[in-house]
Amino acid sequence: VLTETDGTPQLVRITLSAWKVDAVAGAEIWNLLRPLAPEIIQVLGQPKVLKVAGMTLEGGDLRWTGSAKPGKAFDPFAVDLSGATLTLPPGRDRHPIQVAVPQVRSACEVEEGTHMDGLTIHFDRVSPHSDYDPPEIVRSTAMVALLRYDAGWHWQPLAGREGKNVFGPAEGIAASKKVKKPALAVLEERSSRLLRRS
């Protein structure tokens with residue numbers, strides 16, 4: 001949710017992507033994305049508000065081209081999306097499979113372990129690096145999820161809460177800083193050595 005200086009909230013997309021090999025796995029995945037936008041990874045792990053400036057907004061996509069600074073702490077399960085505007089992607093990107101509308105459910109109940117509000121929860125869409133496992137999804141009483149369309153509407157859970165327990169990326173992000181034998185560092189060192197030899 002991007003709230004500009006005039007106070008108008010809108011939903012924006014930020015895309016980060018990096019090449020990956022099988023040797024980089026588990027929590028270390030976050031170390032591939034951290035160099036691209038370290039501020040985003042930092043606030044996802046805490047979580048905090050992120051103050052941005054000088055960014056380029058094209059349609060509903062926020063280009064990570066300016067500066068960013070972490071702000072105060074906030075509760076992602078208390079975010080109100082009711083007044084936020086959603087800019088449609090360009091016509092060439094409007095395939096139904098790319099429709100993903102953020103939803104914040106401050107109170108929810110997973111029915112029969114597979115449904116929420118009558119819609120199916122697609123567990124196979126949940127990233128194995130999100131630290132949000134199916135048993136935790138089923139137990140969640142609050143949830144942040146994407147409402148998606150693929151042969152029908154369904155949920156893609158992103159983070160959840162059960163009492164004081166919060167499930168989501170924070171645990172993996174914290175663990176990524178404590179990897180004892182980082183495969184990424186080894187690969188970077190070996191590739192650098194190969195380049196020097198050539």
# chains A, B, ... in the order shown; residues from 1 in each chain; ligands from 1
>>> closest_atom_pairs(of="segment 69-132 of chain A", to="segment 162-170 of chain A", cutoff="12 Å", atoms="only C-alpha atoms", output="tab-separated table")
residue	atom	partner	partner_atom	distance
A:Asp75	CA	A:Val166	CA	10.6
A:Pro76	CA	A:Val166	CA	10.4
A:Phe77	CA	A:Val166	CA	10.0
A:Ser106	CA	A:Glu162	CA	10.9
A:Ala107	CA	A:Glu162	CA	10.1
A:Cys108	CA	A:Glu162	CA	10.3
A:Glu109	CA	A:Glu162	CA	10.7
A:Val110	CA	A:Glu162	CA	11.9
A:Val126	CA	A:Gly168	CA	10.5
A:Ser127	CA	A:Pro169	CA	10.0
A:Pro128	CA	A:Pro169	CA	10.3
A:His129	CA	A:Pro169	CA	7.5
A:Ser130	CA	A:Pro169	CA	4.9
A:Asp131	CA	A:Gly168	CA	5.1
A:Tyr132	CA	A:Gly168	CA	5.2
>>> write_last_selection(atoms="all heavy atoms", output="mmCIF file, in the first residue's frame")
data_model
loop_
_atom_site.group_PDB
_atom_site.id
_atom_site.type_symbol
_atom_site.label_atom_id
_atom_site.label_comp_id
_atom_site.auth_asym_id
_atom_site.auth_seq_id
_atom_site.Cartn_x
_atom_site.Cartn_y
_atom_site.Cartn_z
ATOM 1 N N ASP A 75 1.438 -3.086 12.226
ATOM 2 C CA ASP A 75 0.826 -4.409 12.233
ATOM 3 C C ASP A 75 0.224 -4.683 10.854
ATOM 4 O O ASP A 75 -0.776 -4.068 10.482
ATOM 5 C CB ASP A 75 -0.266 -4.469 13.299
ATOM 6 C CG ASP A 75 -0.959 -5.835 13.357
ATOM 7 O OD1 ASP A 75 -0.521 -6.755 12.633
ATOM 8 O OD2 ASP A 75 -1.930 -5.961 14.122
ATOM 9 N N PRO A 76 0.807 -5.592 10.059
ATOM 10 C CA PRO A 76 0.277 -5.841 8.706
ATOM 11 C C PRO A 76 -1.139 -6.399 8.713
ATOM 12 O O PRO A 76 -1.854 -6.276 7.718
ATOM 13 C CB PRO A 76 1.267 -6.847 8.121
ATOM 14 C CG PRO A 76 1.922 -7.478 9.297
ATOM 15 C CD PRO A 76 1.970 -6.427 10.356
ATOM 16 N N PHE A 77 -1.568 -6.995 9.836
ATOM 17 C CA PHE A 77 -2.908 -7.568 9.895
ATOM 18 C C PHE A 77 -3.971 -6.531 10.260
ATOM 19 O O PHE A 77 -5.152 -6.854 10.338
ATOM 20 C CB PHE A 77 -2.937 -8.724 10.894
ATOM 21 C CG PHE A 77 -1.936 -9.793 10.587
ATOM 22 C CD1 PHE A 77 -0.733 -9.862 11.268
ATOM 23 C CD2 PHE A 77 -2.176 -10.720 9.581
ATOM 24 C CE1 PHE A 77 0.207 -10.836 10.967
ATOM 25 C CE2 PHE A 77 -1.249 -11.703 9.279
ATOM 26 C CZ PHE A 77 -0.054 -11.762 9.966
ATOM 27 N N SER A 106 -8.317 -9.416 9.119
ATOM 28 C CA SER A 106 -7.956 -9.269 10.532
ATOM 29 C C SER A 106 -8.574 -10.373 11.383
ATOM 30 O O SER A 106 -8.109 -10.648 12.493
ATOM 31 C CB SER A 106 -8.390 -7.898 11.050
ATOM 32 O OG SER A 106 -9.783 -7.712 10.862
ATOM 33 N N ALA A 107 -9.624 -10.994 10.857
ATOM 34 C CA ALA A 107 -10.236 -12.147 11.522
ATOM 35 C C ALA A 107 -10.680 -13.120 10.439
ATOM 36 O O ALA A 107 -11.389 -12.738 9.515
ATOM 37 C CB ALA A 107 -11.423 -11.715 12.382
ATOM 38 N N CYS A 108 -10.231 -14.350 10.531
ATOM 39 C CA CYS A 108 -10.586 -15.335 9.505
ATOM 40 C C CYS A 108 -10.655 -16.715 10.124
ATOM 41 O O CYS A 108 -10.164 -16.950 11.229
ATOM 42 C CB CYS A 108 -9.580 -15.310 8.349
ATOM 43 S SG CYS A 108 -7.936 -15.926 8.786
ATOM 44 N N GLU A 109 -11.275 -17.624 9.396
ATOM 45 C CA GLU A 109 -11.367 -19.017 9.825
ATOM 46 C C GLU A 109 -11.250 -19.906 8.599
ATOM 47 O O GLU A 109 -11.964 -19.714 7.615
ATOM 48 C CB GLU A 109 -12.699 -19.282 10.528
ATOM 49 C CG GLU A 109 -12.855 -20.716 11.013
ATOM 50 C CD GLU A 109 -14.181 -20.953 11.697
ATOM 51 O OE1 GLU A 109 -14.946 -19.982 11.897
ATOM 52 O OE2 GLU A 109 -14.463 -22.125 12.033
ATOM 53 N N VAL A 110 -10.333 -20.851 8.651
ATOM 54 C CA VAL A 110 -10.156 -21.797 7.555
ATOM 55 C C VAL A 110 -11.140 -22.937 7.756
ATOM 56 O O VAL A 110 -11.124 -23.620 8.783
ATOM 57 C CB VAL A 110 -8.711 -22.326 7.498
ATOM 58 C CG1 VAL A 110 -8.568 -23.366 6.409
ATOM 59 C CG2 VAL A 110 -7.739 -21.178 7.269
ATOM 60 N N VAL A 126 1.796 -21.384 -2.262
ATOM 61 C CA VAL A 126 2.539 -20.802 -1.152
ATOM 62 C C VAL A 126 4.018 -21.160 -1.305
ATOM 63 O O VAL A 126 4.379 -22.330 -1.416
ATOM 64 C CB VAL A 126 2.010 -21.318 0.199
ATOM 65 C CG1 VAL A 126 2.800 -20.704 1.354
ATOM 66 C CG2 VAL A 126 0.523 -20.992 0.337
ATOM 67 N N SER A 127 4.871 -20.142 -1.305
ATOM 68 C CA SER A 127 6.303 -20.381 -1.487
ATOM 69 C C SER A 127 6.868 -21.195 -0.330
ATOM 70 O O SER A 127 6.563 -20.922 0.839
ATOM 71 C CB SER A 127 7.050 -19.038 -1.573
ATOM 72 O OG SER A 127 8.445 -19.246 -1.519
ATOM 73 N N PRO A 128 7.720 -22.174 -0.621
ATOM 74 C CA PRO A 128 8.351 -22.939 0.464
ATOM 75 C C PRO A 128 9.309 -22.093 1.288
ATOM 76 O O PRO A 128 9.776 -22.520 2.334
ATOM 77 C CB PRO A 128 9.093 -24.056 -0.288
ATOM 78 C CG PRO A 128 9.311 -23.523 -1.668
ATOM 79 C CD PRO A 128 8.130 -22.660 -1.957
ATOM 80 N N HIS A 129 9.621 -20.886 0.807
ATOM 81 C CA HIS A 129 10.531 -19.990 1.526
ATOM 82 C C HIS A 129 9.780 -18.909 2.296
ATOM 83 O O HIS A 129 10.389 -17.983 2.807
ATOM 84 C CB HIS A 129 11.498 -19.337 0.544
ATOM 85 C CG HIS A 129 12.161 -20.321 -0.380
ATOM 86 N ND1 HIS A 129 13.021 -21.292 0.073
ATOM 87 C CD2 HIS A 129 12.050 -20.494 -1.722
ATOM 88 C CE1 HIS A 129 13.422 -22.024 -0.964
ATOM 89 N NE2 HIS A 129 12.851 -21.563 -2.050
ATOM 90 N N SER A 130 8.464 -19.035 2.377
ATOM 91 C CA SER A 130 7.668 -18.011 3.055
ATOM 92 C C SER A 130 7.541 -18.273 4.553
ATOM 93 O O SER A 130 7.029 -17.433 5.287
ATOM 94 C CB SER A 130 6.266 -17.967 2.446
ATOM 95 O OG SER A 130 5.548 -19.155 2.741
ATOM 96 N N ASP A 131 7.986 -19.457 5.027
ATOM 97 C CA ASP A 131 7.844 -19.833 6.440
ATOM 98 C C ASP A 131 6.390 -19.777 6.880
ATOM 99 O O ASP A 131 6.070 -19.356 7.986
ATOM 100 C CB ASP A 131 8.708 -18.939 7.339
ATOM 101 C CG ASP A 131 10.188 -19.186 7.136
ATOM 102 O OD1 ASP A 131 10.624 -20.333 7.351
ATOM 103 O OD2 ASP A 131 10.897 -18.255 6.730
ATOM 104 N N TYR A 132 5.514 -20.191 5.970
ATOM 105 C CA TYR A 132 4.083 -20.242 6.257
ATOM 106 C C TYR A 132 3.586 -21.586 5.745
ATOM 107 O O TYR A 132 3.185 -21.727 4.598
ATOM 108 C CB TYR A 132 3.382 -19.079 5.555
ATOM 109 C CG TYR A 132 1.974 -18.792 6.039
ATOM 110 C CD1 TYR A 132 1.523 -19.214 7.291
ATOM 111 C CD2 TYR A 132 1.093 -18.061 5.242
ATOM 112 C CE1 TYR A 132 0.249 -18.924 7.720
ATOM 113 C CE2 TYR A 132 -0.182 -17.761 5.680
ATOM 114 C CZ TYR A 132 -0.611 -18.193 6.919
ATOM 115 O OH TYR A 132 -1.885 -17.908 7.348
#
>>> select_by_dssp(residues="segment 9-181 of chain A", states="strand (DSSP E or B)", output="PDB file with C-alpha atoms, in the first residue's frame")
ATOM      1  CA  PRO A   9      -3.558   5.158  -0.582  1.00  0.00           C
ATOM      2  CA  GLN A  10      -3.107   2.944  -3.604  1.00  0.00           C
ATOM      3  CA  LEU A  11      -2.037  -0.631  -4.219  1.00  0.00           C
ATOM      4  CA  ARG A  13       3.369  -3.812  -7.358  1.00  0.00           C
ATOM      5  CA  LYS A  48       8.003  -1.541   9.530  1.00  0.00           C
ATOM      6  CA  VAL A  49       6.629   1.254   7.393  1.00  0.00           C
ATOM      7  CA  LEU A  50       8.916   2.146   4.480  1.00  0.00           C
ATOM      8  CA  LYS A  51       9.298   5.795   3.509  1.00  0.00           C
ATOM      9  CA  VAL A  52      10.199   6.149  -0.178  1.00  0.00           C
ATOM     10  CA  ALA A  53      11.208   9.122  -2.318  1.00  0.00           C
ATOM     11  CA  THR A  56       8.896   6.061 -10.507  1.00  0.00           C
ATOM     12  CA  LEU A  57       5.271   4.923 -10.579  1.00  0.00           C
ATOM     13  CA  GLU A  58       4.185   3.496 -13.930  1.00  0.00           C
ATOM     14  CA  ASP A  61       4.186  -0.760 -10.823  1.00  0.00           C
ATOM     15  CA  LEU A  62       6.605   1.050  -8.505  1.00  0.00           C
ATOM     16  CA  ARG A  63      10.100   1.114 -10.033  1.00  0.00           C
ATOM     17  CA  SER A  67      15.653   6.152  -1.953  1.00  0.00           C
ATOM     18  CA  ALA A  68      13.957   4.356   0.917  1.00  0.00           C
ATOM     19  CA  LYS A  69      14.167   4.553   4.691  1.00  0.00           C
ATOM     20  CA  PRO A  70      12.536   2.290   7.298  1.00  0.00           C
ATOM     21  CA  GLY A  71      10.014   4.067   9.516  1.00  0.00           C
ATOM     22  CA  LYS A  72       7.888   3.082  12.494  1.00  0.00           C
ATOM     23  CA  ALA A  73       6.679  -0.420  13.261  1.00  0.00           C
ATOM     24  CA  THR A  85      -7.202   2.283  -5.358  1.00  0.00           C
ATOM     25  CA  LEU A  86      -5.937  -0.484  -7.633  1.00  0.00           C
ATOM     26  CA  ALA A 100      -3.557 -10.849  -7.769  1.00  0.00           C
ATOM     27  CA  VAL A 101      -5.496  -8.570  -5.426  1.00  0.00           C
ATOM     28  CA  PRO A 102      -4.066  -8.146  -1.882  1.00  0.00           C
ATOM     29  CA  GLN A 103      -6.475  -8.843   0.960  1.00  0.00           C
ATOM     30  CA  VAL A 104      -6.030  -8.364   4.711  1.00  0.00           C
ATOM     31  CA  ARG A 105      -8.260 -10.482   6.930  1.00  0.00           C
ATOM     32  CA  GLU A 111     -13.079 -24.091   6.894  1.00  0.00           C
ATOM     33  CA  HIS A 115     -11.491 -23.077   2.283  1.00  0.00           C
ATOM     34  CA  MET A 116     -11.879 -19.521   3.533  1.00  0.00           C
ATOM     35  CA  LEU A 119     -13.033 -19.954  -1.750  1.00  0.00           C
ATOM     36  CA  THR A 120     -10.362 -22.640  -2.044  1.00  0.00           C
ATOM     37  CA  ILE A 121      -6.942 -22.060  -0.500  1.00  0.00           C
ATOM     38  CA  ALA A 142      -5.725 -13.504  10.770  1.00  0.00           C
ATOM     39  CA  MET A 143      -4.213 -13.574   7.303  1.00  0.00           C
ATOM     40  CA  VAL A 144      -2.649 -11.524   4.535  1.00  0.00           C
ATOM     41  CA  ALA A 145      -3.360 -13.185   1.188  1.00  0.00           C
ATOM     42  CA  LEU A 146      -3.717 -12.626  -2.524  1.00  0.00           C
ATOM     43  CA  LEU A 147      -7.070 -13.138  -4.190  1.00  0.00           C
ATOM     44  CA  ARG A 148      -6.167 -14.823  -7.483  1.00  0.00           C
ATOM     45  CA  TYR A 149      -7.942 -16.158 -10.533  1.00  0.00           C
ATOM     46  CA  TRP A 153     -11.119 -17.457  -7.662  1.00  0.00           C
ATOM     47  CA  HIS A 154      -8.895 -18.759  -4.867  1.00  0.00           C
ATOM     48  CA  TRP A 155      -6.605 -17.647  -2.051  1.00  0.00           C
ATOM     49  CA  GLN A 156      -2.809 -17.530  -2.002  1.00  0.00           C
ATOM     50  CA  PRO A 157      -1.764 -17.047   1.655  1.00  0.00           C
ATOM     51  CA  LEU A 158       1.257 -14.814   2.314  1.00  0.00           C
ATOM     52  CA  ALA A 159       1.362 -14.428   6.107  1.00  0.00           C
ATOM     53  CA  GLY A 160      -0.794 -15.311   9.077  1.00  0.00           C
ATOM     54  CA  ARG A 161      -1.236 -15.047  12.811  1.00  0.00           C
ATOM     55  CA  GLU A 162      -2.509 -17.334  15.535  1.00  0.00           C
ATOM     56  CA  ASN A 165       2.393 -16.310  16.875  1.00  0.00           C
ATOM     57  CA  VAL A 166       3.082 -14.671  13.503  1.00  0.00           C
ATOM     58  CA  PHE A 167       3.842 -16.794  10.443  1.00  0.00           C
TER      59      PHE A 167
END
>>> atom_distance(atom1="atom CA of Val186 of chain A", atom2="atom CA of Ala25 of chain A")
13.4 Å
>>> closest_residue(among="A:Val1, A:Asn31, A:Ile97, A:Ala18", to="Ala185 of chain A", atoms="only C-alpha atoms")
A:Asn31
>>> select_by_dssp(residues="segment 32-105 of chain A", states="alpha helix (DSSP H)", output="list in words")
Leu32, Leu33, Pro38, Glu39, Ile40, Ile41, Gln42, Val43 and Leu44 of chain A
>>> write_last_selection(atoms="all heavy atoms", output="tab-separated table (two decimals), in the first residue's frame")
chain	number	residue	atom	x	y	z
A	32	LEU	N	19.62	-13.58	-2.18
A	32	LEU	CA	19.64	-13.26	-3.61
A	32	LEU	C	18.89	-11.96	-3.89
A	32	LEU	O	19.26	-11.20	-4.77
A	32	LEU	CB	19.00	-14.39	-4.42
A	32	LEU	CG	19.76	-15.72	-4.51
A	32	LEU	CD1	18.91	-16.75	-5.20
A	32	LEU	CD2	21.07	-15.53	-5.26
A	33	LEU	N	17.83	-11.73	-3.12
A	33	LEU	CA	16.99	-10.55	-3.35
A	33	LEU	C	17.46	-9.32	-2.56
A	33	LEU	O	17.19	-8.19	-2.97
A	33	LEU	CB	15.54	-10.87	-2.95
A	33	LEU	CG	14.87	-12.00	-3.72
A	33	LEU	CD1	13.48	-12.26	-3.17
A	33	LEU	CD2	14.79	-11.67	-5.21
A	38	PRO	N	17.51	-3.78	-0.44
A	38	PRO	CA	17.73	-4.20	0.94
A	38	PRO	C	16.70	-3.63	1.91
A	38	PRO	O	16.37	-4.27	2.92
A	38	PRO	CB	19.13	-3.67	1.26
A	38	PRO	CG	19.41	-2.62	0.22
A	38	PRO	CD	18.67	-3.05	-1.00
A	39	GLU	N	16.17	-2.44	1.60
A	39	GLU	CA	15.19	-1.83	2.49
A	39	GLU	C	13.90	-2.65	2.55
A	39	GLU	O	13.27	-2.77	3.60
A	39	GLU	CB	14.88	-0.40	2.05
A	39	GLU	CG	16.09	0.52	2.00
A	39	GLU	CD	16.82	0.46	0.64
A	39	GLU	OE1	16.42	-0.37	-0.20
A	39	GLU	OE2	17.76	1.24	0.45
A	40	ILE	N	13.49	-3.19	1.40
A	40	ILE	CA	12.27	-4.00	1.37
A	40	ILE	C	12.44	-5.26	2.21
A	40	ILE	O	11.57	-5.61	3.01
A	40	ILE	CB	11.90	-4.38	-0.08
A	40	ILE	CG1	11.46	-3.14	-0.86
A	40	ILE	CG2	10.79	-5.42	-0.09
A	40	ILE	CD1	11.08	-3.43	-2.29
A	41	ILE	N	13.55	-5.94	2.04
A	41	ILE	CA	13.80	-7.16	2.81
A	41	ILE	C	13.85	-6.85	4.30
A	41	ILE	O	13.34	-7.60	5.13
A	41	ILE	CB	15.11	-7.84	2.35
A	41	ILE	CG1	15.09	-8.08	0.84
A	41	ILE	CG2	15.33	-9.14	3.10
A	41	ILE	CD1	13.93	-8.90	0.35
A	42	GLN	N	14.45	-5.71	4.64
A	42	GLN	CA	14.56	-5.32	6.06
A	42	GLN	C	13.19	-5.11	6.69
A	42	GLN	O	12.91	-5.64	7.76
A	42	GLN	CB	15.39	-4.04	6.19
A	42	GLN	CG	15.53	-3.56	7.63
A	42	GLN	CD	16.32	-2.25	7.74
A	42	GLN	OE1	16.93	-1.81	6.76
A	42	GLN	NE2	16.30	-1.63	8.90
A	43	VAL	N	12.33	-4.35	6.02
A	43	VAL	CA	11.03	-4.04	6.63
A	43	VAL	C	10.08	-5.24	6.60
A	43	VAL	O	9.19	-5.34	7.43
A	43	VAL	CB	10.36	-2.82	5.96
A	43	VAL	CG1	11.23	-1.58	6.12
A	43	VAL	CG2	10.06	-3.07	4.49
A	44	LEU	N	10.27	-6.17	5.66
A	44	LEU	CA	9.46	-7.39	5.66
A	44	LEU	C	9.77	-8.23	6.89
A	44	LEU	O	8.89	-8.90	7.44
A	44	LEU	CB	9.74	-8.22	4.40
A	44	LEU	CG	9.02	-7.82	3.12
A	44	LEU	CD1	9.50	-8.69	1.97
A	44	LEU	CD2	7.52	-7.93	3.28
>>> closest_atom_pairs(of="segment 1-62 of chain A", to="segment 187-190 of chain A", cutoff="12 Å", atoms="only C-alpha atoms", output="Markdown table")
| residue | atom | partner | partner_atom | distance |
| --- | --- | --- | --- | --- |
| A:Lys20 | CA | A:Leu187 | CA | 11.0 |
| A:Val21 | CA | A:Leu187 | CA | 9.7 |
| A:Asp22 | CA | A:Leu187 | CA | 11.4 |
| A:Ala23 | CA | A:Leu187 | CA | 8.8 |
| A:Val24 | CA | A:Leu187 | CA | 9.2 |
| A:Leu32 | CA | A:Glu188 | CA | 11.5 |
>>> closest_residue(among="A:Pro182, A:Gly66, A:Pro134, A:Pro89", to="Ala37 of chain A", atoms="only C-alpha atoms")
A:Gly66
